[in-house]
Amino acid sequence: MKKINLRDLYSFFKTDVWVDVDEEVAHEIRRFELEESAYRLRTYRHRAYYSLDRNDGIEQHVLFLSISPEEYYERKLSRQQLYEAMYLLPEKSARRIYAHYFLGMSKVDIARAEHVDERAVRKSIQRGLKQMEYLLKNM
């Protein structure tokens with residue numbers, strides 16, 4: 001039998017708590033401590049403090065956070081206000097803003113599709129965004 005201090009193993013112990021354990025258990029605890037310190041040293045030396053490709057779901061958790069019902073409602077309201085503001089814009093500006101920001105088309109692609117100059121598309125989008133800003137502030 002070997003005595004170990006649980007305060008060394010568990011941070012929530014505020015005082016020393018000594019327990020008798022078998023030699024095998026004490027050996028496993030010591031082996032774990034050595035492996036843990038070796039791992040910390042490796043991560044320090046290689047500056048590998050974290051990894052997102054461990055397949056433990058951390059990247060899923062980071063990328064796709066679940067939102068609360070309040071946040072969902074706020075997003076729905078803001079999206080609704082955004083669509084209302086776009087509805088009040090001239091048709092050309094609304095179509096170009098939708099194509100650029102919602103469909104991900106570049107301004108050059110929009111200009112080619114509409115057979116107009118790219119500067120006209122750029123100015124139309126810029127004017128439309130200013131109008132939307134004014135409309136959203138006054139909603």
# chains A, B, ... in the order shown; residues from 1 in each chain; ligands from 1
$ residues_around --residues "His27 of chain A" --least-positions-apart "4" --cutoff "12 Å" --atoms "only C-alpha atoms" --output "VMD selection string"
chain A and resid 1 to 4 21 to 23 31 to 34
$ residues_around --residues "Ala94 of chain A" --least-positions-apart "5" --cutoff "10 Å" --atoms "only C-alpha atoms" --output "PDB file with all heavy atoms, in the first residue's frame"
ATOM      1  N   TYR A  83     -35.559  43.086 -45.426  1.00  0.00           N
ATOM      2  CA  TYR A  83     -36.345  42.836 -46.636  1.00  0.00           C
ATOM      3  C   TYR A  83     -37.348  43.964 -46.896  1.00  0.00           C
ATOM      4  O   TYR A  83     -37.586  44.331 -48.039  1.00  0.00           O
ATOM      5  CB  TYR A  83     -37.055  41.493 -46.560  1.00  0.00           C
ATOM      6  CG  TYR A  83     -36.138  40.318 -46.771  1.00  0.00           C
ATOM      7  CD1 TYR A  83     -36.128  39.240 -45.891  1.00  0.00           C
ATOM      8  CD2 TYR A  83     -35.266  40.270 -47.854  1.00  0.00           C
ATOM      9  CE1 TYR A  83     -35.280  38.163 -46.086  1.00  0.00           C
ATOM     10  CE2 TYR A  83     -34.415  39.196 -48.051  1.00  0.00           C
ATOM     11  CZ  TYR A  83     -34.432  38.156 -47.173  1.00  0.00           C
ATOM     12  OH  TYR A  83     -33.590  37.095 -47.370  1.00  0.00           O
ATOM     13  N   ALA A  85     -36.888  47.106 -46.110  1.00  0.00           N
ATOM     14  CA  ALA A  85     -36.104  48.223 -46.634  1.00  0.00           C
ATOM     15  C   ALA A  85     -35.723  47.973 -48.088  1.00  0.00           C
ATOM     16  O   ALA A  85     -35.766  48.892 -48.911  1.00  0.00           O
ATOM     17  CB  ALA A  85     -34.858  48.432 -45.783  1.00  0.00           C
ATOM     18  N   MET A  86     -35.384  46.728 -48.422  1.00  0.00           N
ATOM     19  CA  MET A  86     -35.047  46.410 -49.811  1.00  0.00           C
ATOM     20  C   MET A  86     -36.267  46.563 -50.717  1.00  0.00           C
ATOM     21  O   MET A  86     -36.140  46.946 -51.879  1.00  0.00           O
ATOM     22  CB  MET A  86     -34.474  44.995 -49.921  1.00  0.00           C
ATOM     23  CG  MET A  86     -33.037  44.914 -49.488  1.00  0.00           C
ATOM     24  SD  MET A  86     -32.296  43.311 -49.785  1.00  0.00           S
ATOM     25  CE  MET A  86     -32.318  43.219 -51.552  1.00  0.00           C
ATOM     26  N   TYR A  87     -37.438  46.274 -50.196  1.00  0.00           N
ATOM     27  CA  TYR A  87     -38.672  46.394 -50.980  1.00  0.00           C
ATOM     28  C   TYR A  87     -38.945  47.854 -51.334  1.00  0.00           C
ATOM     29  O   TYR A  87     -39.505  48.148 -52.399  1.00  0.00           O
ATOM     30  CB  TYR A  87     -39.847  45.805 -50.194  1.00  0.00           C
ATOM     31  CG  TYR A  87     -41.158  45.880 -50.918  1.00  0.00           C
ATOM     32  CD1 TYR A  87     -41.439  45.029 -51.979  1.00  0.00           C
ATOM     33  CD2 TYR A  87     -42.115  46.812 -50.551  1.00  0.00           C
ATOM     34  CE1 TYR A  87     -42.642  45.101 -52.659  1.00  0.00           C
ATOM     35  CE2 TYR A  87     -43.327  46.893 -51.214  1.00  0.00           C
ATOM     36  CZ  TYR A  87     -43.584  46.039 -52.270  1.00  0.00           C
ATOM     37  OH  TYR A  87     -44.776  46.125 -52.936  1.00  0.00           O
ATOM     38  N   LEU A  88     -38.528  48.777 -50.471  1.00  0.00           N
ATOM     39  CA  LEU A  88     -38.759  50.200 -50.709  1.00  0.00           C
ATOM     40  C   LEU A  88     -37.725  50.820 -51.659  1.00  0.00           C
ATOM     41  O   LEU A  88     -37.899  51.954 -52.098  1.00  0.00           O
ATOM     42  CB  LEU A  88     -38.763  50.962 -49.379  1.00  0.00           C
ATOM     43  CG  LEU A  88     -39.886  50.574 -48.416  1.00  0.00           C
ATOM     44  CD1 LEU A  88     -39.702  51.272 -47.085  1.00  0.00           C
ATOM     45  CD2 LEU A  88     -41.241  50.899 -49.013  1.00  0.00           C
ATOM     46  N   LEU A  89     -36.675  50.094 -51.981  1.00  0.00           N
ATOM     47  CA  LEU A  89     -35.656  50.600 -52.901  1.00  0.00           C
ATOM     48  C   LEU A  89     -36.149  50.517 -54.335  1.00  0.00           C
ATOM     49  O   LEU A  89     -37.066  49.747 -54.647  1.00  0.00           O
ATOM     50  CB  LEU A  89     -34.370  49.768 -52.774  1.00  0.00           C
ATOM     51  CG  LEU A  89     -33.574  49.868 -51.495  1.00  0.00           C
ATOM     52  CD1 LEU A  89     -32.382  48.919 -51.569  1.00  0.00           C
ATOM     53  CD2 LEU A  89     -33.095  51.284 -51.262  1.00  0.00           C
ATOM     54  N   ALA A  99     -28.287  40.438 -55.572  1.00  0.00           N
ATOM     55  CA  ALA A  99     -27.358  39.583 -56.313  1.00  0.00           C
ATOM     56  C   ALA A  99     -25.967  39.625 -55.703  1.00  0.00           C
ATOM     57  O   ALA A  99     -25.292  38.587 -55.610  1.00  0.00           O
ATOM     58  CB  ALA A  99     -27.315  40.012 -57.775  1.00  0.00           C
ATOM     59  N   HIS A 100     -25.542  40.796 -55.275  1.00  0.00           N
ATOM     60  CA  HIS A 100     -24.180  40.920 -54.746  1.00  0.00           C
ATOM     61  C   HIS A 100     -24.048  40.336 -53.342  1.00  0.00           C
ATOM     62  O   HIS A 100     -23.141  39.549 -53.063  1.00  0.00           O
ATOM     63  CB  HIS A 100     -23.752  42.388 -54.757  1.00  0.00           C
ATOM     64  CG  HIS A 100     -22.350  42.604 -54.304  1.00  0.00           C
ATOM     65  ND1 HIS A 100     -21.261  42.114 -54.981  1.00  0.00           N
ATOM     66  CD2 HIS A 100     -21.848  43.248 -53.218  1.00  0.00           C
ATOM     67  CE1 HIS A 100     -20.155  42.458 -54.347  1.00  0.00           C
ATOM     68  NE2 HIS A 100     -20.478  43.145 -53.268  1.00  0.00           N
ATOM     69  N   SER A 124     -24.860  52.084 -58.226  1.00  0.00           N
ATOM     70  CA  SER A 124     -26.230  51.719 -57.886  1.00  0.00           C
ATOM     71  C   SER A 124     -26.292  51.001 -56.541  1.00  0.00           C
ATOM     72  O   SER A 124     -27.157  51.284 -55.707  1.00  0.00           O
ATOM     73  CB  SER A 124     -26.819  50.829 -58.988  1.00  0.00           C
ATOM     74  OG  SER A 124     -28.075  50.356 -58.623  1.00  0.00           O
ATOM     75  N   ILE A 125     -25.374  50.101 -56.325  1.00  0.00           N
ATOM     76  CA  ILE A 125     -25.318  49.378 -55.049  1.00  0.00           C
ATOM     77  C   ILE A 125     -24.987  50.342 -53.917  1.00  0.00           C
ATOM     78  O   ILE A 125     -25.598  50.291 -52.846  1.00  0.00           O
ATOM     79  CB  ILE A 125     -24.297  48.217 -55.125  1.00  0.00           C
ATOM     80  CG1 ILE A 125     -24.838  47.112 -56.026  1.00  0.00           C
ATOM     81  CG2 ILE A 125     -23.981  47.674 -53.747  1.00  0.00           C
ATOM     82  CD1 ILE A 125     -23.870  45.978 -56.274  1.00  0.00           C
ATOM     83  N   GLY A 128     -28.020  52.442 -53.199  1.00  0.00           N
ATOM     84  CA  GLY A 128     -29.034  51.603 -52.564  1.00  0.00           C
ATOM     85  C   GLY A 128     -28.724  51.329 -51.106  1.00  0.00           C
ATOM     86  O   GLY A 128     -29.613  51.337 -50.252  1.00  0.00           O
ATOM     87  N   LEU A 129     -27.435  51.098 -50.795  1.00  0.00           N
ATOM     88  CA  LEU A 129     -27.048  50.854 -49.399  1.00  0.00           C
ATOM     89  C   LEU A 129     -27.255  52.083 -48.540  1.00  0.00           C
ATOM     90  O   LEU A 129     -27.679  51.980 -47.389  1.00  0.00           O
ATOM     91  CB  LEU A 129     -25.595  50.377 -49.333  1.00  0.00           C
ATOM     92  CG  LEU A 129     -25.308  48.974 -49.871  1.00  0.00           C
ATOM     93  CD1 LEU A 129     -23.819  48.696 -49.853  1.00  0.00           C
ATOM     94  CD2 LEU A 129     -26.076  47.928 -49.096  1.00  0.00           C
ATOM     95  N   MET A 132     -30.908  52.289 -47.918  1.00  0.00           N
ATOM     96  CA  MET A 132     -31.295  51.285 -46.934  1.00  0.00           C
ATOM     97  C   MET A 132     -30.894  51.708 -45.522  1.00  0.00           C
ATOM     98  O   MET A 132     -31.632  51.496 -44.570  1.00  0.00           O
ATOM     99  CB  MET A 132     -30.666  49.922 -47.261  1.00  0.00           C
ATOM    100  CG  MET A 132     -31.375  49.181 -48.363  1.00  0.00           C
ATOM    101  SD  MET A 132     -30.622  47.598 -48.696  1.00  0.00           S
ATOM    102  CE  MET A 132     -30.917  46.740 -47.173  1.00  0.00           C
TER     103      MET A 132
END
$ closest_residue --among "A:Leu136, A:Val108, A:Val121, A:Val116" --to "Leu82 of chain A" --atoms "only C-alpha atoms"
A:Leu136
$ atom_distance --atom1 "atom CA of Gln126 of chain A" --atom2 "atom CA of Glu114 of chain A"
17.1 Å
$ atom_distance --atom1 "atom CA of Asp20 of chain A" --atom2 "atom CA of Tyr39 of chain A"
27.9 Å
